[in-house]
Amino acid sequence: MTRAFLIVLDSVGCGGAPDADRFFNDKTVPDTGSNTLAHIAQACAEGRAEEGRTGPLNLPHLDALGLGAAIRLASGDATPGLNADPSGLWGAAQEVSPGKDTPTGHWEIAGVPLPWDWGYFPDTQPAFPAEITAKICAAAGVAGILGDKHASGTAVLDELGAEHMRTGWPIVYTSVDSVIQIAAHEEHFGLERLYDLCEAIAPMVHERRVGRVIARPFLGSEKDGFTRTTNRRDFAMTPPQPTLCDWVTEAGGKVHAIGKIGDIFAHRGISTLKKGADAALMEHLVDAFDTAQNGDLVFANFVEFDSKYGHRRDISGYARALEWFDSQMPRLLSKMRDGDLVLFTADHGNDPSWVGTDHTRERVPVVAAGLGARAVGQVGFSDIGASVAAHLGLAARGAGRSFL
């Protein structure tokens, strides 16, 4: 029985990227020295992450596989509390694509480094060209849009949620990522109407090599406040070449996507899809250990490390999320079968101790169960996908080389 489980802890980077000086937060501060995992561990050890938790960072299962060793390999930074001798496969991966965002990281992991620079919208107001605004208005049947600027997804609801309820105009905003986001009330505007709007403008946006149109539904009221729901949907560009997902399905296996994996790959090469908040995704992942068959890939993304804690620069919250995930690992590893590979990695960094609110350019850890203790050293993002493919007995394709 040969199965593979590729589990991406979104933004859980480990520092050390040699080109971090080319990537910035707050427009002018380079990402040099950023290190999501090491800085969280150091903050915990120093008593600076005591909200809802206490003491050194406690990740015994990930660390036993080699997490602490992977961080030190990637960056040389101290990892207090993460000092186990690795019993699993461990190493660190470096990205070559010119981006530090989710699609870029996942595409490269799946064997396809980004062959172009993404398009972005300027940090001006208005941020969007007139033809995109006109297309949004026509598709939504409204006279205007709200926002039209760079904004935080939660702050923009506080600012414009009530006006959206009064006018019916969608809230449209962007960020330093290659993205246009449209927020609308699920009940007053309509969830399917929001999806239809995003789908209608996606071709025009993708022509500019802007990677994603994201539907950001929310609920609530002016009195009680507004909250984003889990019904987010990304309308992403299709990868320019076949990815690991395609390789698996073309060979007769199935790809079981958990989280936003389907959206990231424009649903190409995806056999089944389960979505939800991270707690629900964990249940789907546990179930997948029971149901995945020989030759299948279970490909999961846990997004809340990034969306709830990294961008918001919440060190305590990020530490709590890591400790929760680690506490669930015995449920996963106890269900492993002979021949399984269970590999944990990340797609970029998002150091909650850093300046600004953007992702940080970092190497990422690579730790795995199923193949015994094995140091693989410094590898490339694409080598992860190549190694998963090799484990499944698939011919080498894409940019990477297997480290198995």
# chains A, B, ... in the order shown; residues from 1 in each chain; ligands from 1
>>> residues_around(residues="A:Gly76", least_positions_apart="5", cutoff="10 Å", atoms="only C-alpha atoms", output="list of chain:residue names")
A:Cys14, A:Gly15, A:Gly16, A:Ala38, A:Ala69, A:Ala70, A:Ile71
>>> residues_around(residues="A:Gly99", least_positions_apart="6", cutoff="8 Å", atoms="only C-alpha atoms", output="PyMOL selection string")
chain A and resi 105+117-118
>>> write_last_selection(atoms="C-alpha atoms", output="CSV table (one decimal), in the first residue's frame")
chain,number,residue,atom,x,y,z
A,105,GLY,CA,4.8,28.4,-3.0
A,117,ASP,CA,6.5,38.0,-12.2
A,118,TRP,CA,3.0,38.4,-10.8
>>> select_by_dssp(residues="stretch 84-298 of chain A", states="strand (DSSP E or B)", output="number ranges by chain")
A: 89-94, 146-150, 171-174, 179-185, 212-221, 225-228, 233-236, 255-258, 272-274, 297-298
>>> write_last_selection(atoms="C-alpha atoms", output="mmCIF file, in the first residue's frame")
data_model
loop_
_atom_site.group_PDB
_atom_site.id
_atom_site.type_symbol
_atom_site.label_atom_id
_atom_site.label_comp_id
_atom_site.auth_asym_id
_atom_site.auth_seq_id
_atom_site.Cartn_x
_atom_site.Cartn_y
_atom_site.Cartn_z
ATOM 1 C CA LEU A 89 13.054 12.523 7.529
ATOM 2 C CA TRP A 90 14.116 16.130 7.918
ATOM 3 C CA GLY A 91 15.558 19.021 5.942
ATOM 4 C CA ALA A 92 14.761 22.517 4.708
ATOM 5 C CA ALA A 93 13.555 23.753 1.331
ATOM 6 C CA GLN A 94 14.374 26.925 -0.558
ATOM 7 C CA LEU A 146 -16.451 50.471 -1.965
ATOM 8 C CA GLY A 147 -12.829 50.345 -0.886
ATOM 9 C CA ASP A 148 -10.820 50.448 -4.117
ATOM 10 C CA LYS A 149 -7.551 50.393 -2.174
ATOM 11 C CA HIS A 150 -5.024 48.318 -0.279
ATOM 12 C CA ILE A 171 -16.178 45.980 -0.984
ATOM 13 C CA VAL A 172 -13.206 45.582 -3.323
ATOM 14 C CA TYR A 173 -9.627 45.731 -2.083
ATOM 15 C CA THR A 174 -6.131 44.373 -2.626
ATOM 16 C CA VAL A 179 -4.804 39.519 -5.696
ATOM 17 C CA ILE A 180 -8.124 41.322 -5.886
ATOM 18 C CA GLN A 181 -10.534 40.554 -3.055
ATOM 19 C CA ILE A 182 -14.280 41.168 -3.055
ATOM 20 C CA ALA A 183 -16.170 41.126 0.222
ATOM 21 C CA ALA A 184 -19.950 40.965 0.430
ATOM 22 C CA HIS A 185 -22.586 39.971 2.962
ATOM 23 C CA ARG A 212 -6.305 35.360 -7.717
ATOM 24 C CA VAL A 213 -9.750 36.834 -7.366
ATOM 25 C CA ILE A 214 -10.908 35.978 -3.852
ATOM 26 C CA ALA A 215 -14.538 35.948 -2.748
ATOM 27 C CA ARG A 216 -14.634 37.073 0.884
ATOM 28 C CA PRO A 217 -18.164 36.495 2.223
ATOM 29 C CA PHE A 218 -19.086 37.764 5.669
ATOM 30 C CA LEU A 219 -22.001 37.900 8.069
ATOM 31 C CA GLY A 220 -23.103 40.222 10.857
ATOM 32 C CA SER A 221 -24.566 43.666 11.336
ATOM 33 C CA GLY A 225 -19.995 43.716 13.983
ATOM 34 C CA PHE A 226 -19.018 41.781 10.890
ATOM 35 C CA THR A 227 -17.163 38.466 10.652
ATOM 36 C CA ARG A 228 -15.755 36.662 7.621
ATOM 37 C CA ARG A 233 -13.452 30.891 -2.630
ATOM 38 C CA ASP A 234 -10.395 31.653 -4.742
ATOM 39 C CA PHE A 235 -10.601 32.004 -8.514
ATOM 40 C CA ALA A 236 -6.958 31.377 -9.364
ATOM 41 C CA VAL A 255 -5.856 13.647 -5.315
ATOM 42 C CA HIS A 256 -7.878 14.387 -2.197
ATOM 43 C CA ALA A 257 -7.672 18.132 -1.582
ATOM 44 C CA ILE A 258 -8.231 19.438 1.943
ATOM 45 C CA THR A 272 -12.210 15.253 -4.127
ATOM 46 C CA LEU A 273 -12.360 18.444 -2.090
ATOM 47 C CA LYS A 274 -13.064 19.186 1.574
ATOM 48 C CA LEU A 297 -2.241 11.738 -2.731
ATOM 49 C CA VAL A 298 -3.885 13.565 0.143
#
>>> select_by_dssp(residues="stretch 37-151 of chain A", states="helix (DSSP H, G or I)", output="JSON, numbers by chain")
{"A": [37, 38, 39, 40, 41, 42, 43, 44, 45, 60, 61, 62, 63, 64, 65, 67, 68, 69, 70, 71, 72, 73, 74, 75, 102, 103, 104, 105, 106, 107, 108, 109, 130, 131, 132, 133, 134, 135, 136, 137, 138, 139, 140]}
>>> write_last_selection(atoms="N, CA and C atoms", output="compact mmCIF listing (two decimals), in the first residue's frame")
# COMPACT_ATOMS: atom_id res chain seq x y z
N LEU A 37 9.25 30.34 12.69
CA LEU A 37 9.29 29.34 13.76
C LEU A 37 10.30 29.69 14.85
N ALA A 38 11.49 30.09 14.48
CA ALA A 38 12.50 30.39 15.49
C ALA A 38 12.08 31.56 16.36
N HIS A 39 11.53 32.60 15.76
CA HIS A 39 11.15 33.77 16.55
C HIS A 39 9.96 33.48 17.46
N ILE A 40 9.05 32.62 17.02
CA ILE A 40 7.97 32.21 17.92
C ILE A 40 8.54 31.41 19.09
N ALA A 41 9.43 30.46 18.80
CA ALA A 41 10.03 29.66 19.86
C ALA A 41 10.80 30.54 20.85
N GLN A 42 11.54 31.50 20.34
CA GLN A 42 12.29 32.40 21.22
C GLN A 42 11.37 33.26 22.07
N ALA A 43 10.29 33.76 21.47
CA ALA A 43 9.33 34.57 22.23
C ALA A 43 8.67 33.75 23.34
N CYS A 44 8.31 32.51 23.02
CA CYS A 44 7.70 31.65 24.03
C CYS A 44 8.66 31.41 25.18
N ALA A 45 9.92 31.12 24.87
CA ALA A 45 10.91 30.83 25.90
C ALA A 45 11.19 32.04 26.78
N PRO A 60 6.13 18.53 20.60
CA PRO A 60 6.93 17.31 20.73
C PRO A 60 6.89 16.39 19.52
N HIS A 61 5.78 16.34 18.81
CA HIS A 61 5.66 15.37 17.71
C HIS A 61 6.36 15.88 16.45
N LEU A 62 6.12 17.16 16.10
CA LEU A 62 6.84 17.73 14.97
C LEU A 62 8.34 17.78 15.24
N ASP A 63 8.70 18.11 16.48
CA ASP A 63 10.12 18.19 16.80
C ASP A 63 10.77 16.82 16.76
N ALA A 64 10.04 15.78 17.18
CA ALA A 64 10.59 14.44 17.12
C ALA A 64 10.92 14.02 15.69
N LEU A 65 10.10 14.48 14.74
CA LEU A 65 10.39 14.18 13.34
C LEU A 65 11.62 14.93 12.84
N LEU A 67 11.75 18.90 13.37
CA LEU A 67 11.43 20.30 13.11
C LEU A 67 12.51 21.24 13.63
N GLY A 68 12.92 21.07 14.88
CA GLY A 68 13.96 21.95 15.41
C GLY A 68 15.24 21.86 14.60
N ALA A 69 15.63 20.65 14.25
CA ALA A 69 16.84 20.47 13.44
C ALA A 69 16.70 21.14 12.08
N ALA A 70 15.49 21.08 11.48
CA ALA A 70 15.26 21.73 10.18
C ALA A 70 15.41 23.24 10.29
N ILE A 71 14.91 23.83 11.37
CA ILE A 71 15.04 25.28 11.55
C ILE A 71 16.50 25.66 11.67
N ARG A 72 17.23 24.93 12.47
CA ARG A 72 18.65 25.26 12.66
C ARG A 72 19.43 25.06 11.37
N LEU A 73 19.08 24.04 10.59
CA LEU A 73 19.72 23.84 9.29
C LEU A 73 19.46 25.01 8.36
N ALA A 74 18.21 25.48 8.34
CA ALA A 74 17.82 26.54 7.41
C ALA A 74 18.46 27.87 7.74
N SER A 75 18.58 28.16 9.03
CA SER A 75 18.92 29.53 9.43
C SER A 75 20.06 29.66 10.43
N THR A 102 0.98 32.35 -1.50
CA THR A 102 0.48 30.97 -1.43
C THR A 102 0.50 30.24 -2.77
N PRO A 103 -0.07 30.79 -3.86
CA PRO A 103 -0.01 30.05 -5.12
C PRO A 103 1.42 29.78 -5.58
N THR A 104 2.29 30.77 -5.46
CA THR A 104 3.67 30.58 -5.88
C THR A 104 4.31 29.42 -5.14
N GLY A 105 4.17 29.42 -3.81
CA GLY A 105 4.77 28.37 -3.01
C GLY A 105 4.21 27.00 -3.33
N HIS A 106 2.89 26.89 -3.44
CA HIS A 106 2.27 25.59 -3.72
C HIS A 106 2.60 25.10 -5.12
N TRP A 107 2.56 25.98 -6.10
CA TRP A 107 2.89 25.55 -7.47
C TRP A 107 4.32 25.00 -7.52
N GLU A 108 5.24 25.70 -6.87
CA GLU A 108 6.63 25.24 -6.92
C GLU A 108 6.78 23.93 -6.16
N ILE A 109 6.13 23.79 -5.01
CA ILE A 109 6.16 22.52 -4.29
C ILE A 109 5.67 21.39 -5.20
N ALA A 130 -9.96 51.72 -14.34
CA ALA A 130 -11.37 51.98 -14.58
C ALA A 130 -12.07 50.81 -15.26
N GLU A 131 -11.36 50.08 -16.14
CA GLU A 131 -12.03 48.99 -16.86
C GLU A 131 -12.37 47.83 -15.93
N ILE A 132 -11.55 47.57 -14.90
CA ILE A 132 -11.89 46.52 -13.93
C ILE A 132 -13.05 46.94 -13.06
N THR A 133 -13.05 48.18 -12.63
CA THR A 133 -14.16 48.69 -11.82
C THR A 133 -15.46 48.62 -12.61
N ALA A 134 -15.41 49.01 -13.87
CA ALA A 134 -16.61 48.96 -14.70
C ALA A 134 -17.11 47.53 -14.87
N LYS A 135 -16.19 46.58 -15.03
CA LYS A 135 -16.57 45.18 -15.17
C LYS A 135 -17.22 44.66 -13.89
N ILE A 136 -16.69 45.05 -12.75
CA ILE A 136 -17.27 44.65 -11.47
C ILE A 136 -18.69 45.20 -11.34
N CYS A 137 -18.86 46.47 -11.65
CA CYS A 137 -20.19 47.09 -11.53
C CYS A 137 -21.19 46.42 -12.46
N ALA A 138 -20.76 46.15 -13.69
CA ALA A 138 -21.66 45.53 -14.65
C ALA A 138 -22.04 44.11 -14.22
N ALA A 139 -21.05 43.36 -13.76
CA ALA A 139 -21.32 41.97 -13.35
C ALA A 139 -22.19 41.89 -12.12
N ALA A 140 -22.04 42.86 -11.21
CA ALA A 140 -22.81 42.86 -9.97
C ALA A 140 -24.13 43.60 -10.09
>>> atom_distance(atom1="atom CA of A:Asp85", atom2="atom CA of A:Ser11")
24.2 Å
>>> closest_residue(among="A:Ser316, A:Thr249, A:Thr345, A:Ser271", to="A:Gly295", atoms="only C-alpha atoms")
A:Thr249
>>> closest_residue(among="A:Asn83, A:Thr36, A:Ser152, A:Thr2", to="A:Arg363", atoms="only C-alpha atoms")
A:Thr36
>>> closest_atom_pairs(of="stretch 113-195 of chain A", to="stretch 391-399 of chain A", cutoff="12 Å", atoms="only C-alpha atoms", output="JSON lines")
{"residue": "A:Pro113", "atom": "CA", "partner": "A:Ala399", "partner_atom": "CA", "distance": 7.3}
{"residue": "A:Leu114", "atom": "CA", "partner": "A:Ala399", "partner_atom": "CA", "distance": 10.7}
{"residue": "A:Pro115", "atom": "CA", "partner": "A:Ala399", "partner_atom": "CA", "distance": 11.4}
>>> write_last_selection(atoms="N, CA and C atoms", output="PDB file, in the first residue's frame")
ATOM      1  N   PRO A 113       7.868  25.841 -10.741  1.00  0.00           N
ATOM      2  CA  PRO A 113       8.277  27.185 -10.321  1.00  0.00           C
ATOM      3  C   PRO A 113       7.616  28.247 -11.190  1.00  0.00           C
ATOM      4  N   LEU A 114       7.331  29.377 -10.607  1.00  0.00           N
ATOM      5  CA  LEU A 114       6.635  30.452 -11.314  1.00  0.00           C
ATOM      6  C   LEU A 114       7.502  30.991 -12.447  1.00  0.00           C
ATOM      7  N   PRO A 115       7.011  30.971 -13.699  1.00  0.00           N
ATOM      8  CA  PRO A 115       7.839  31.410 -14.824  1.00  0.00           C
ATOM      9  C   PRO A 115       7.721  32.904 -15.128  1.00  0.00           C
TER      10      PRO A 115
END
>>> closest_residue(among="A:Val112, A:Val367, A:Leu57, A:Pro330", to="A:Gln241", atoms="only C-alpha atoms")
A:Val112
>>> atom_distance(atom1="atom CA of A:Phe299", atom2="atom CA of A:Cys245")
8.7 Å
